[in-house]
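For reference, data27.pdb is printed below; it contains PDB, C-alpha atoms and all ligand atoms.
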```pdb
ATOM      1  CA  MET A   1      97.313 133.350 110.680  1.00  0.00           C
ATOM      2  CA  LEU A   2     100.094 131.026 109.697  1.00  0.00           C
ATOM      3  CA  LYS A   3     100.826 130.976 105.991  1.00  0.00           C
ATOM      4  CA  CYS A   4     100.916 127.841 103.916  1.00  0.00           C
ATOM      5  CA  ARG A   5     104.022 126.880 102.079  1.00  0.00           C
ATOM      6  CA  ALA A   6     105.073 125.080  98.919  1.00  0.00           C
ATOM      7  CA  ARG A   7     105.958 121.533  99.826  1.00  0.00           C
ATOM      8  CA  ARG A   8     109.074 120.811  97.837  1.00  0.00           C
ATOM      9  CA  TRP A   9     109.103 117.099  98.306  1.00  0.00           C
ATOM     10  CA  GLN A  10     105.499 116.530  97.399  1.00  0.00           C
ATOM     11  CA  VAL A  11     105.141 118.719  94.348  1.00  0.00           C
ATOM     12  CA  GLY A  12     105.173 115.627  92.161  1.00  0.00           C
ATOM     13  CA  PHE A  13     101.621 115.061  93.243  1.00  0.00           C
ATOM     14  CA  SER A  14     100.502 118.396  91.877  1.00  0.00           C
ATOM     15  CA  ALA A  15      99.138 117.238  88.505  1.00  0.00           C
ATOM     16  CA  HIS A  16      95.731 118.759  87.796  1.00  0.00           C
ATOM     17  CA  ARG A  17      93.441 117.596  90.511  1.00  0.00           C
ATOM     18  CA  SER A  18      92.125 119.788  93.275  1.00  0.00           C
ATOM     19  CA  ASP A  19      88.539 118.650  93.714  1.00  0.00           C
ATOM     20  CA  GLY A  20      89.172 116.914  97.026  1.00  0.00           C
ATOM     21  CA  ALA A  21      87.471 113.680  96.007  1.00  0.00           C
ATOM     22  CA  ALA A  22      88.998 110.670  97.672  1.00  0.00           C
ATOM     23  CA  VAL A  23      88.161 107.032  98.049  1.00  0.00           C
ATOM     24  CA  SER A  24      89.597 104.324 100.221  1.00  0.00           C
ATOM     25  CA  GLU A  25      91.786 101.924  98.294  1.00  0.00           C
ATOM     26  CA  PRO A  26      94.384  99.326  99.169  1.00  0.00           C
ATOM     27  CA  PRO A  27      98.013 100.386  98.973  1.00  0.00           C
ATOM     28  CA  PRO A  28      99.431 100.300  95.420  1.00  0.00           C
ATOM     29  CA  HIS A  29     102.224  98.056  94.211  1.00  0.00           C
ATOM     30  CA  ASN A  30     103.806  95.858  96.828  1.00  0.00           C
ATOM     31  CA  LEU A  31     104.719  98.735  99.020  1.00  0.00           C
ATOM     32  CA  THR A  32     104.278  98.232 102.708  1.00  0.00           C
ATOM     33  CA  VAL A  33     102.418 101.202 104.103  1.00  0.00           C
ATOM     34  CA  PRO A  34     101.962 101.679 107.849  1.00  0.00           C
ATOM     35  CA  ASP A  35      98.442 100.857 109.008  1.00  0.00           C
ATOM     36  CA  THR A  36      97.880 104.392 110.217  1.00  0.00           C
ATOM     37  CA  LEU A  37      98.811 105.762 106.788  1.00  0.00           C
ATOM     38  CA  ALA A  38      96.718 103.137 104.976  1.00  0.00           C
ATOM     39  CA  ALA A  39      93.743 104.261 107.082  1.00  0.00           C
ATOM     40  CA  ARG A  40      93.858 107.747 105.559  1.00  0.00           C
ATOM     41  CA  PRO A  41      91.560 108.642 102.666  1.00  0.00           C
ATOM     42  CA  TRP A  42      93.245 107.668  99.389  1.00  0.00           C
ATOM     43  CA  ASP A  43      93.658 109.696  96.248  1.00  0.00           C
ATOM     44  CA  ALA A  44      92.339 107.187  93.722  1.00  0.00           C
ATOM     45  CA  ARG A  45      94.027 108.638  90.666  1.00  0.00           C
ATOM     46  CA  ARG A  46      97.483 108.912  92.139  1.00  0.00           C
ATOM     47  CA  GLY A  47      97.163 105.846  94.334  1.00  0.00           C
ATOM     48  CA  VAL A  48      98.483 107.581  97.418  1.00  0.00           C
ATOM     49  CA  PRO A  49      97.095 108.355 100.871  1.00  0.00           C
ATOM     50  CA  ILE A  50      96.117 111.951 101.554  1.00  0.00           C
ATOM     51  CA  PRO A  51      98.033 113.443 104.490  1.00  0.00           C
ATOM     52  CA  PRO A  52      96.077 115.786 106.775  1.00  0.00           C
ATOM     53  CA  VAL A  53      98.479 118.610 105.863  1.00  0.00           C
ATOM     54  CA  SER A  54      97.411 118.320 102.202  1.00  0.00           C
ATOM     55  CA  VAL A  55      93.769 119.129 102.980  1.00  0.00           C
ATOM     56  CA  HIS A  56      92.799 122.796 102.634  1.00  0.00           C
ATOM     57  CA  GLU A  57      89.724 124.928 103.070  1.00  0.00           C
ATOM     58  CA  ARG A  58      89.447 127.344 100.161  1.00  0.00           C
ATOM     59  CA  ASP A  59      86.494 129.485  99.263  1.00  0.00           C
ATOM     60  CA  GLY A  60      84.253 127.503 101.551  1.00  0.00           C
ATOM     61  CA  SER A  61      85.114 124.079 100.160  1.00  0.00           C
ATOM     62  CA  THR A  62      87.578 121.365 101.082  1.00  0.00           C
ATOM     63  CA  VAL A  63      90.284 120.678  98.523  1.00  0.00           C
ATOM     64  CA  VAL A  64      93.246 118.314  98.363  1.00  0.00           C
ATOM     65  CA  ASP A  65      96.425 120.082  97.315  1.00  0.00           C
ATOM     66  CA  PHE A  66      99.614 118.040  97.544  1.00  0.00           C
ATOM     67  CA  VAL A  67     101.703 121.009  96.467  1.00  0.00           C
ATOM     68  CA  THR A  68     100.984 123.064  99.532  1.00  0.00           C
ATOM     69  CA  VAL A  69     101.421 122.277 103.197  1.00  0.00           C
ATOM     70  CA  ASN A  70      98.499 123.436 105.308  1.00  0.00           C
ATOM     71  CA  GLY A  71     100.592 125.487 107.703  1.00  0.00           C
ATOM     72  CA  PRO A  72      98.113 125.750 110.598  1.00  0.00           C
ATOM     73  CA  ILE A  73      97.290 122.032 110.469  1.00  0.00           C
ATOM     74  CA  ALA A  74     100.968 121.094 110.248  1.00  0.00           C
ATOM     75  CA  LEU A  75     101.757 123.277 113.240  1.00  0.00           C
ATOM     76  CA  SER A  76      98.849 121.931 115.261  1.00  0.00           C
ATOM     77  CA  LEU A  77      99.879 118.336 114.550  1.00  0.00           C
ATOM     78  CA  ALA A  78     103.524 119.009 115.384  1.00  0.00           C
ATOM     79  CA  ARG A  79     102.685 120.749 118.649  1.00  0.00           C
ATOM     80  CA  ALA A  80     100.585 117.742 119.655  1.00  0.00           C
ATOM     81  CA  ARG A  81     103.411 115.412 118.567  1.00  0.00           C
ATOM     82  CA  ASP A  82     101.143 113.916 115.920  1.00  0.00           C
ATOM     83  CA  CYS A  83     102.393 112.639 112.546  1.00  0.00           C
ATOM     84  CA  SER A  84     102.017 115.052 109.606  1.00  0.00           C
ATOM     85  CA  LEU A  85     101.399 112.154 107.200  1.00  0.00           C
ATOM     86  CA  CYS A  86      98.933 109.916 109.045  1.00  0.00           C
ATOM     87  CA  GLY A  87      97.742 112.258 111.804  1.00  0.00           C
ATOM     88  CA  GLN A  88      98.278 109.751 114.602  1.00  0.00           C
ATOM     89  CA  ALA A  89     100.412 110.149 117.712  1.00  0.00           C
ATOM     90  CA  ILE A  90     104.151 109.873 117.159  1.00  0.00           C
ATOM     91  CA  GLY A  91     105.798 107.439 119.539  1.00  0.00           C
ATOM     92  CA  TYR A  92     109.319 107.275 120.840  1.00  0.00           C
ATOM     93  CA  TRP A  93     111.146 108.186 117.628  1.00  0.00           C
ATOM     94  CA  VAL A  94     110.283 111.027 115.309  1.00  0.00           C
ATOM     95  CA  ALA A  95     111.520 111.453 111.729  1.00  0.00           C
ATOM     96  CA  PHE A  96     112.529 114.445 109.612  1.00  0.00           C
ATOM     97  CA  LEU A  97     113.252 114.182 105.889  1.00  0.00           C
ATOM     98  CA  GLY A  98     115.221 116.636 103.797  1.00  0.00           C
ATOM     99  CA  GLY A  99     118.367 117.335 101.827  1.00  0.00           C
ATOM    100  CA  PRO A 100     121.894 117.525 103.254  1.00  0.00           C
ATOM    101  CA  ALA A 101     121.620 121.197 104.239  1.00  0.00           C
ATOM    102  CA  SER A 102     118.407 120.743 106.209  1.00  0.00           C
ATOM    103  CA  HIS A 103     119.856 117.675 107.867  1.00  0.00           C
ATOM    104  CA  ALA A 104     123.138 119.358 108.772  1.00  0.00           C
ATOM    105  CA  GLN A 105     121.442 122.463 110.162  1.00  0.00           C
ATOM    106  CA  ARG A 106     118.582 120.502 111.698  1.00  0.00           C
ATOM    107  CA  ARG A 107     116.137 123.120 110.405  1.00  0.00           C
ATOM    108  CA  TYR A 108     113.107 121.966 108.457  1.00  0.00           C
ATOM    109  CA  LEU A 109     110.103 123.561 106.855  1.00  0.00           C
ATOM    110  CA  ASP A 110     108.397 120.189 106.556  1.00  0.00           C
ATOM    111  CA  PRO A 111     106.808 118.929 109.765  1.00  0.00           C
ATOM    112  CA  PRO A 112     107.815 115.666 111.472  1.00  0.00           C
ATOM    113  CA  ALA A 113     106.284 112.232 110.994  1.00  0.00           C
ATOM    114  CA  HIS A 114     106.540 108.642 112.133  1.00  0.00           C
ATOM    115  CA  PRO A 115     109.750 107.077 110.777  1.00  0.00           C
ATOM    116  CA  GLU A 116     107.612 104.414 109.065  1.00  0.00           C
ATOM    117  CA  CYS A 117     105.357 106.990 107.421  1.00  0.00           C
ATOM    118  CA  MET A 118     108.349 109.019 106.231  1.00  0.00           C
ATOM    119  CA  LEU A 119     109.901 105.895 104.713  1.00  0.00           C
ATOM    120  CA  ALA A 120     106.656 105.232 102.864  1.00  0.00           C
ATOM    121  CA  ALA A 121     106.698 108.811 101.584  1.00  0.00           C
ATOM    122  CA  VAL A 122     110.156 108.273 100.089  1.00  0.00           C
ATOM    123  CA  ARG A 123     108.673 105.553  97.862  1.00  0.00           C
ATOM    124  CA  LEU A 124     105.234 107.077  97.273  1.00  0.00           C
ATOM    125  CA  CYS A 125     106.045 110.677  96.559  1.00  0.00           C
ATOM    126  CA  PRO A 126     107.085 111.216  92.928  1.00  0.00           C
ATOM    127  CA  PHE A 127     109.128 114.261  93.837  1.00  0.00           C
ATOM    128  CA  ILE A 128     111.323 112.026  95.984  1.00  0.00           C
ATOM    129  CA  ALA A 129     111.013 108.687  94.226  1.00  0.00           C
ATOM    130  CA  LEU A 130     112.031 109.952  90.776  1.00  0.00           C
ATOM    131  CA  ARG A 131     114.997 112.152  90.041  1.00  0.00           C
ATOM    132  CA  HIS A 132     114.242 115.600  88.639  1.00  0.00           C
ATOM    133  CA  HIS A 133     110.539 115.226  88.778  1.00  0.00           C
ATOM    134  CA  ARG A 134     109.154 118.382  87.273  1.00  0.00           C
ATOM    135  CA  ARG A 135     108.112 120.995  89.759  1.00  0.00           C
ATOM    136  CA  ALA A 136     104.676 122.470  89.712  1.00  0.00           C
ATOM    137  CA  PRO A 137     104.476 125.669  87.685  1.00  0.00           C
ATOM    138  CA  GLU A 138     104.145 128.756  89.828  1.00  0.00           C
ATOM    139  CA  HIS A 139     100.486 129.241  89.023  1.00  0.00           C
ATOM    140  CA  ARG A 140      99.554 125.898  90.530  1.00  0.00           C
ATOM    141  CA  VAL A 141     100.932 126.833  93.924  1.00  0.00           C
ATOM    142  CA  GLY A 142      98.200 128.040  96.253  1.00  0.00           C
ATOM    143  CA  PRO A 143      97.719 131.796  96.576  1.00  0.00           C
ATOM    144  CA  ASP A 144      98.344 131.668 100.339  1.00  0.00           C
ATOM    145  CA  THR A 145     101.732 130.036  99.869  1.00  0.00           C
ATOM    146  CA  ALA A 146     104.930 131.507 101.202  1.00  0.00           C
ATOM    147  CA  SER A 147     108.481 130.221 101.168  1.00  0.00           C
ATOM    148  CA  PRO A 148     111.160 131.984 103.198  1.00  0.00           C
ATOM    149  CA  PRO A 149     114.664 132.637 101.864  1.00  0.00           C
ATOM    150  CA  GLY A 150     117.640 130.648 103.037  1.00  0.00           C
ATOM    151  CA  TYR A 151     116.170 127.188 102.660  1.00  0.00           C
ATOM    152  CA  GLU A 152     116.783 124.461 100.122  1.00  0.00           C
ATOM    153  CA  HIS A 153     114.647 124.602  97.030  1.00  0.00           C
ATOM    154  CA  GLY A 154     114.192 121.977  94.391  1.00  0.00           C
ATOM    155  CA  GLN A 155     115.114 118.344  94.580  1.00  0.00           C
ATOM    156  CA  PRO A 156     118.319 117.427  96.397  1.00  0.00           C
ATOM    157  CA  ASP A 157     120.637 114.731  95.023  1.00  0.00           C
ATOM    158  CA  GLN A 158     120.453 113.028  98.348  1.00  0.00           C
ATOM    159  CA  TRP A 159     117.751 112.662 100.981  1.00  0.00           C
ATOM    160  CA  LEU A 160     118.500 112.074 104.622  1.00  0.00           C
ATOM    161  CA  LEU A 161     116.021 110.599 107.038  1.00  0.00           C
ATOM    162  CA  GLY A 162     116.922 111.874 110.488  1.00  0.00           C
ATOM    163  CA  ILE A 163     115.570 110.150 113.566  1.00  0.00           C
ATOM    164  CA  THR A 164     115.428 111.830 116.953  1.00  0.00           C
ATOM    165  CA  ARG A 165     113.445 111.977 120.171  1.00  0.00           C
ATOM    166  CA  ARG A 166     112.551 115.631 120.406  1.00  0.00           C
ATOM    167  CA  TYR A 167     112.055 118.777 118.414  1.00  0.00           C
ATOM    168  CA  ARG A 168     110.860 122.292 118.928  1.00  0.00           C
ATOM    169  CA  VAL A 169     108.998 124.714 116.719  1.00  0.00           C
ATOM    170  CA  GLU A 170     109.757 128.350 115.970  1.00  0.00           C
ATOM    171  CA  ILE A 171     107.579 130.780 114.066  1.00  0.00           C
ATOM    172  CA  GLN A 172     109.608 133.003 111.746  1.00  0.00           C
ATOM    173  CA  ASP A 173     107.751 135.522 109.590  1.00  0.00           C
ATOM    174  CA  ASP A 174     104.555 133.501 109.931  1.00  0.00           C
ATOM    175  CA  ILE A 175     106.307 130.307 108.806  1.00  0.00           C
ATOM    176  CA  ALA A 176     106.742 127.366 111.160  1.00  0.00           C
ATOM    177  CA  VAL A 177     110.318 126.066 111.352  1.00  0.00           C
ATOM    178  CA  TYR A 178     110.890 122.646 112.899  1.00  0.00           C
ATOM    179  CA  LEU A 179     114.080 122.198 114.879  1.00  0.00           C
ATOM    180  CA  PRO A 180     114.879 118.599 115.816  1.00  0.00           C
ATOM    181  CA  ALA A 181     117.328 117.589 118.544  1.00  0.00           C
ATOM    182  CA  ALA A 182     120.457 115.632 117.613  1.00  0.00           C
ATOM    183  CA  PHE A 183     119.876 112.775 115.186  1.00  0.00           C
ATOM    184  CA  LYS A 184     120.838 109.163 115.272  1.00  0.00           C
ATOM    185  CA  ARG A 185     122.846 108.093 112.239  1.00  0.00           C
ATOM    186  CA  PRO A 186     120.646 108.911 109.263  1.00  0.00           C
ATOM    187  CA  ARG A 187     119.301 106.670 106.566  1.00  0.00           C
ATOM    188  CA  THR A 188     120.466 108.076 103.253  1.00  0.00           C
ATOM    189  CA  PHE A 189     118.805 107.856  99.865  1.00  0.00           C
ATOM    190  CA  ASP A 190     120.097 108.795  96.434  1.00  0.00           C
ATOM    191  CA  TYR A 191     119.266 107.886  92.831  1.00  0.00           C
ATOM    192  CA  ASP A 192     120.324 105.009  90.620  1.00  0.00           C
ATOM    193  CA  ALA A 193     121.268 105.398  86.939  1.00  0.00           C
ATOM    194  CA  ALA A 194     117.603 105.130  85.942  1.00  0.00           C
ATOM    195  CA  GLY A 195     116.702 107.981  88.280  1.00  0.00           C
ATOM    196  CA  HIS A 196     114.898 105.889  90.863  1.00  0.00           C
ATOM    197  CA  VAL A 197     115.413 106.574  94.519  1.00  0.00           C
ATOM    198  CA  ARG A 198     117.384 103.933  96.391  1.00  0.00           C
ATOM    199  CA  GLU A 199     118.676 103.570  99.877  1.00  0.00           C
ATOM    200  CA  GLN A 200     122.423 103.766 100.044  1.00  0.00           C
ATOM    201  CA  PRO A 201     124.030 100.542 101.234  1.00  0.00           C
ATOM    202  CA  GLY A 202     125.134 100.499 104.811  1.00  0.00           C
ATOM    203  CA  THR A 203     122.500 102.875 106.118  1.00  0.00           C
ATOM    204  CA  MET A 204     119.692 100.373 106.594  1.00  0.00           C
ATOM    205  CA  VAL A 205     120.429  99.319 110.136  1.00  0.00           C
ATOM    206  CA  GLU A 206     118.417 101.822 112.121  1.00  0.00           C
ATOM    207  CA  ALA A 207     114.844 102.973 112.581  1.00  0.00           C
TER     208      ALA A 207
HETATM  209 ZN    ZN B 301     102.398 108.521 110.681  1.00  0.00          ZN
END
```
Go ahead and express the file in the form of structure tokens.
Ligand SMILES: [Zn+2]
Amino acid sequence: MLKCRARRWQVGFSAHRSDGAAVSEPPPHNLTVPDTLAARPWDARRGVPIPPVSVHERDGSTVVDFVTVNGPIALSLARARDCSLCGQAIGYWVAFLGGPASHAQRRYLDPPAHPECMLAAVRLCPFIALRHHRRAPEHRVGPDTASPPGYEHGQPDQWLLGITRRYRVEIQDDIAVYLPAAFKRPRTFDYDAAGHVREQPGTMVEA
């Protein structure tokens, strides 16, 4: 059985809710959200769509936990070339999001997604959108969570959105590792003086 894993870039959603309740709502703010992502159930309190990898079965009930990636669901989606954020088929290009080390090594613990869905996540996810968003205390991380050594932890100063055609998956110590092929030139995000994520000038030409 594949373990689940703390999702570093979504821990901002952790807050206090784990009852799984969700309602459909229009996208918040003026953010453009891909139709496939907008079609997901929405977390009313946070105003964000609920990715399939954030849905967990625990003690016989379904819960939404944004802190933890549902490892088996993530792996199943990735093997089918389906998006980890909206659950629909990924087309020609596939996106991976992470810090400079993940990008340089092309080794990710977070599964792939549509480029459009990943761009929406950059704006929607508090752990990405706001600098130094507080991480979830250890006790809020699910009991079935594992995180292998040798990978980036915490919030990077810079996020890189890598776009490629292909990837493969390896299982290491019951953790799925996603290994994309060579990237096109990445889109790069950092933080402004107020701590809000921004796309760095000159990287907005692709994807
Ligand atoms: Zn998607």
Write out as CSV a residue-level contact list of chain A versus ligand ZN 301 (chain B) with cut-off 6 Å: for each qualifying residue the closest pair of atoms and the distance in Å to one decimal, counting all atoms listed in the file, rows sorted by chain and residue number upward.
```
residue,atom,partner,partner_atom,distance
A:Leu37,CA,B:ZN301,ZN,6.0
A:Cys83,CA,B:ZN301,ZN,4.5
A:Leu85,CA,B:ZN301,ZN,5.1
A:Cys86,CA,B:ZN301,ZN,4.1
A:Gln88,CA,B:ZN301,ZN,5.8
A:Ala113,CA,B:ZN301,ZN,5.4
A:His114,CA,B:ZN301,ZN,4.4
A:Cys117,CA,B:ZN301,ZN,4.7
```
Could you work out how far CA of Ala129 in chain A lies from CA of Val197 in chain A, giving the answer in Å with one decimal? 4.9 Å
What would the list of residues within 12 Å of (110.0, 119.4, 107.5) (file frame) look like as a PyMOL selection string, if only C-alpha atoms are what count? chain A and resi 5-10+53+69+71+74-75+78+83-85+94-99+102-103+106-113+118+151-152+160-162+167-169+175-180
Measure the distance from CA of Phe127 in chain A to CA of Gly60 in chain A in Å and round it to one decimal. 29.2 Å
Rounded to one decimal, what separation in Å do you get between CA of Gly87 in chain A and CA of Asp65 in chain A? 16.5 Å
Axis-aligned box for range 163-173 of chain A, 4 Å per side, centre and edges in Å as JSON:
```
{"center_x": 111.6, "center_y": 122.8, "center_z": 115.0, "size_x": 16.0, "size_y": 33.4, "size_z": 18.8}
```
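Distance annotation: of A:Pro41, A:Pro156, A:Gly91, A:Pro51, the residue with the minimal separation from Pro115 in chain A is A:Gly91; atom set is all atoms listed in the file.
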Measuring between only C-alpha atoms, which one of A:Trp93, A:Gln158, A:Ser76, A:Glu170 shows the shortest distance to Lys184 in chain A? A:Trp93
So which residues get picked by the PyMOL selection byres (((chain A and resi 120) around 9) and not hetatm) here, written as a count of residues only? 15
Give me the result of the PyMOL selection byres (((chain A and resi 188) around 7) and not hetatm) on this file, residue by residue, as a ChimeraX atom specification. /A:158-161,186-187,189-190,199-200,203
My list of candidates is A:His56, A:Arg40, A:Arg46, A:Arg81. Which is closest to Arg165 in chain A when distances are computed with only C-alpha atoms? A:Arg81
Running the PyMOL selection byres (((chain A and resi 131) around 10) and not hetatm) on this model by hand, what would come out? Give it as a PyMOL selection string. chain A and resi 126-130+132-134+155-158+190-197
Using the selection just defined, write its residues with C-alpha atoms as a PDB file, in the frame of the given file.
```pdb
ATOM      1  CA  PRO A 126     107.085 111.216  92.928  1.00  0.00           C
ATOM      2  CA  PHE A 127     109.128 114.261  93.837  1.00  0.00           C
ATOM      3  CA  ILE A 128     111.323 112.026  95.984  1.00  0.00           C
ATOM      4  CA  ALA A 129     111.013 108.687  94.226  1.00  0.00           C
ATOM      5  CA  LEU A 130     112.031 109.952  90.776  1.00  0.00           C
ATOM      6  CA  HIS A 132     114.242 115.600  88.639  1.00  0.00           C
ATOM      7  CA  HIS A 133     110.539 115.226  88.778  1.00  0.00           C
ATOM      8  CA  ARG A 134     109.154 118.382  87.273  1.00  0.00           C
ATOM      9  CA  GLN A 155     115.114 118.344  94.580  1.00  0.00           C
ATOM     10  CA  PRO A 156     118.319 117.427  96.397  1.00  0.00           C
ATOM     11  CA  ASP A 157     120.637 114.731  95.023  1.00  0.00           C
ATOM     12  CA  GLN A 158     120.453 113.028  98.348  1.00  0.00           C
ATOM     13  CA  ASP A 190     120.097 108.795  96.434  1.00  0.00           C
ATOM     14  CA  TYR A 191     119.266 107.886  92.831  1.00  0.00           C
ATOM     15  CA  ASP A 192     120.324 105.009  90.620  1.00  0.00           C
ATOM     16  CA  ALA A 193     121.268 105.398  86.939  1.00  0.00           C
ATOM     17  CA  ALA A 194     117.603 105.130  85.942  1.00  0.00           C
ATOM     18  CA  GLY A 195     116.702 107.981  88.280  1.00  0.00           C
ATOM     19  CA  HIS A 196     114.898 105.889  90.863  1.00  0.00           C
ATOM     20  CA  VAL A 197     115.413 106.574  94.519  1.00  0.00           C
TER      21      VAL A 197
END
```
Supply range 44-63 of chain A as a compact mmCIF listing (two decimals), keeping the file's coordinate frame, with N, CA and C atoms built in where the input has gaps.
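And here's out32.txt as it stands now:
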```
# COMPACT_ATOMS: atom_id res chain seq x y z
N ALA A 44 92.49 108.35 94.61
CA ALA A 44 92.34 107.19 93.72
C ALA A 44 93.22 107.32 92.48
N ARG A 45 93.29 108.51 91.93
CA ARG A 45 94.03 108.64 90.67
C ARG A 45 95.53 108.45 90.86
N ARG A 46 96.05 109.02 91.91
CA ARG A 46 97.48 108.91 92.14
C ARG A 46 97.85 107.65 92.92
N GLY A 47 96.87 107.05 93.56
CA GLY A 47 97.16 105.85 94.33
C GLY A 47 97.99 106.11 95.57
N VAL A 48 97.72 107.23 96.22
CA VAL A 48 98.48 107.58 97.42
C VAL A 48 97.52 108.04 98.52
N PRO A 49 97.91 107.83 99.77
CA PRO A 49 97.10 108.36 100.87
C PRO A 49 97.19 109.88 100.94
N ILE A 50 96.17 110.49 101.47
CA ILE A 50 96.12 111.95 101.55
C ILE A 50 96.49 112.38 102.98
N PRO A 51 97.65 112.98 103.15
CA PRO A 51 98.03 113.44 104.49
C PRO A 51 97.12 114.57 104.97
N PRO A 52 96.92 114.69 106.27
CA PRO A 52 96.08 115.79 106.78
C PRO A 52 96.60 117.16 106.39
N VAL A 53 97.92 117.30 106.21
CA VAL A 53 98.48 118.61 105.86
C VAL A 53 98.28 118.96 104.39
N SER A 54 97.70 118.03 103.61
CA SER A 54 97.41 118.32 102.20
C SER A 54 95.95 118.68 101.98
N VAL A 55 95.19 118.78 103.06
CA VAL A 55 93.77 119.13 102.98
C VAL A 55 93.62 120.61 103.33
N HIS A 56 92.92 121.34 102.48
CA HIS A 56 92.80 122.80 102.63
C HIS A 56 91.35 123.23 102.50
N GLU A 57 91.03 124.28 103.23
CA GLU A 57 89.72 124.93 103.07
C GLU A 57 89.93 126.17 102.22
N ARG A 58 89.31 126.18 101.05
CA ARG A 58 89.45 127.34 100.16
C ARG A 58 88.08 127.72 99.62
N ASP A 59 87.76 128.97 99.79
CA ASP A 59 86.49 129.49 99.26
C ASP A 59 85.32 128.63 99.72
N GLY A 60 85.38 128.21 100.98
CA GLY A 60 84.25 127.50 101.55
C GLY A 60 84.17 126.03 101.20
N SER A 61 85.16 125.51 100.46
CA SER A 61 85.11 124.08 100.16
C SER A 61 86.45 123.43 100.52
N THR A 62 86.40 122.13 100.72
CA THR A 62 87.58 121.36 101.08
C THR A 62 88.26 120.85 99.82
N VAL A 63 89.54 121.14 99.70
CA VAL A 63 90.28 120.68 98.52
C VAL A 63 91.53 119.93 98.98
```
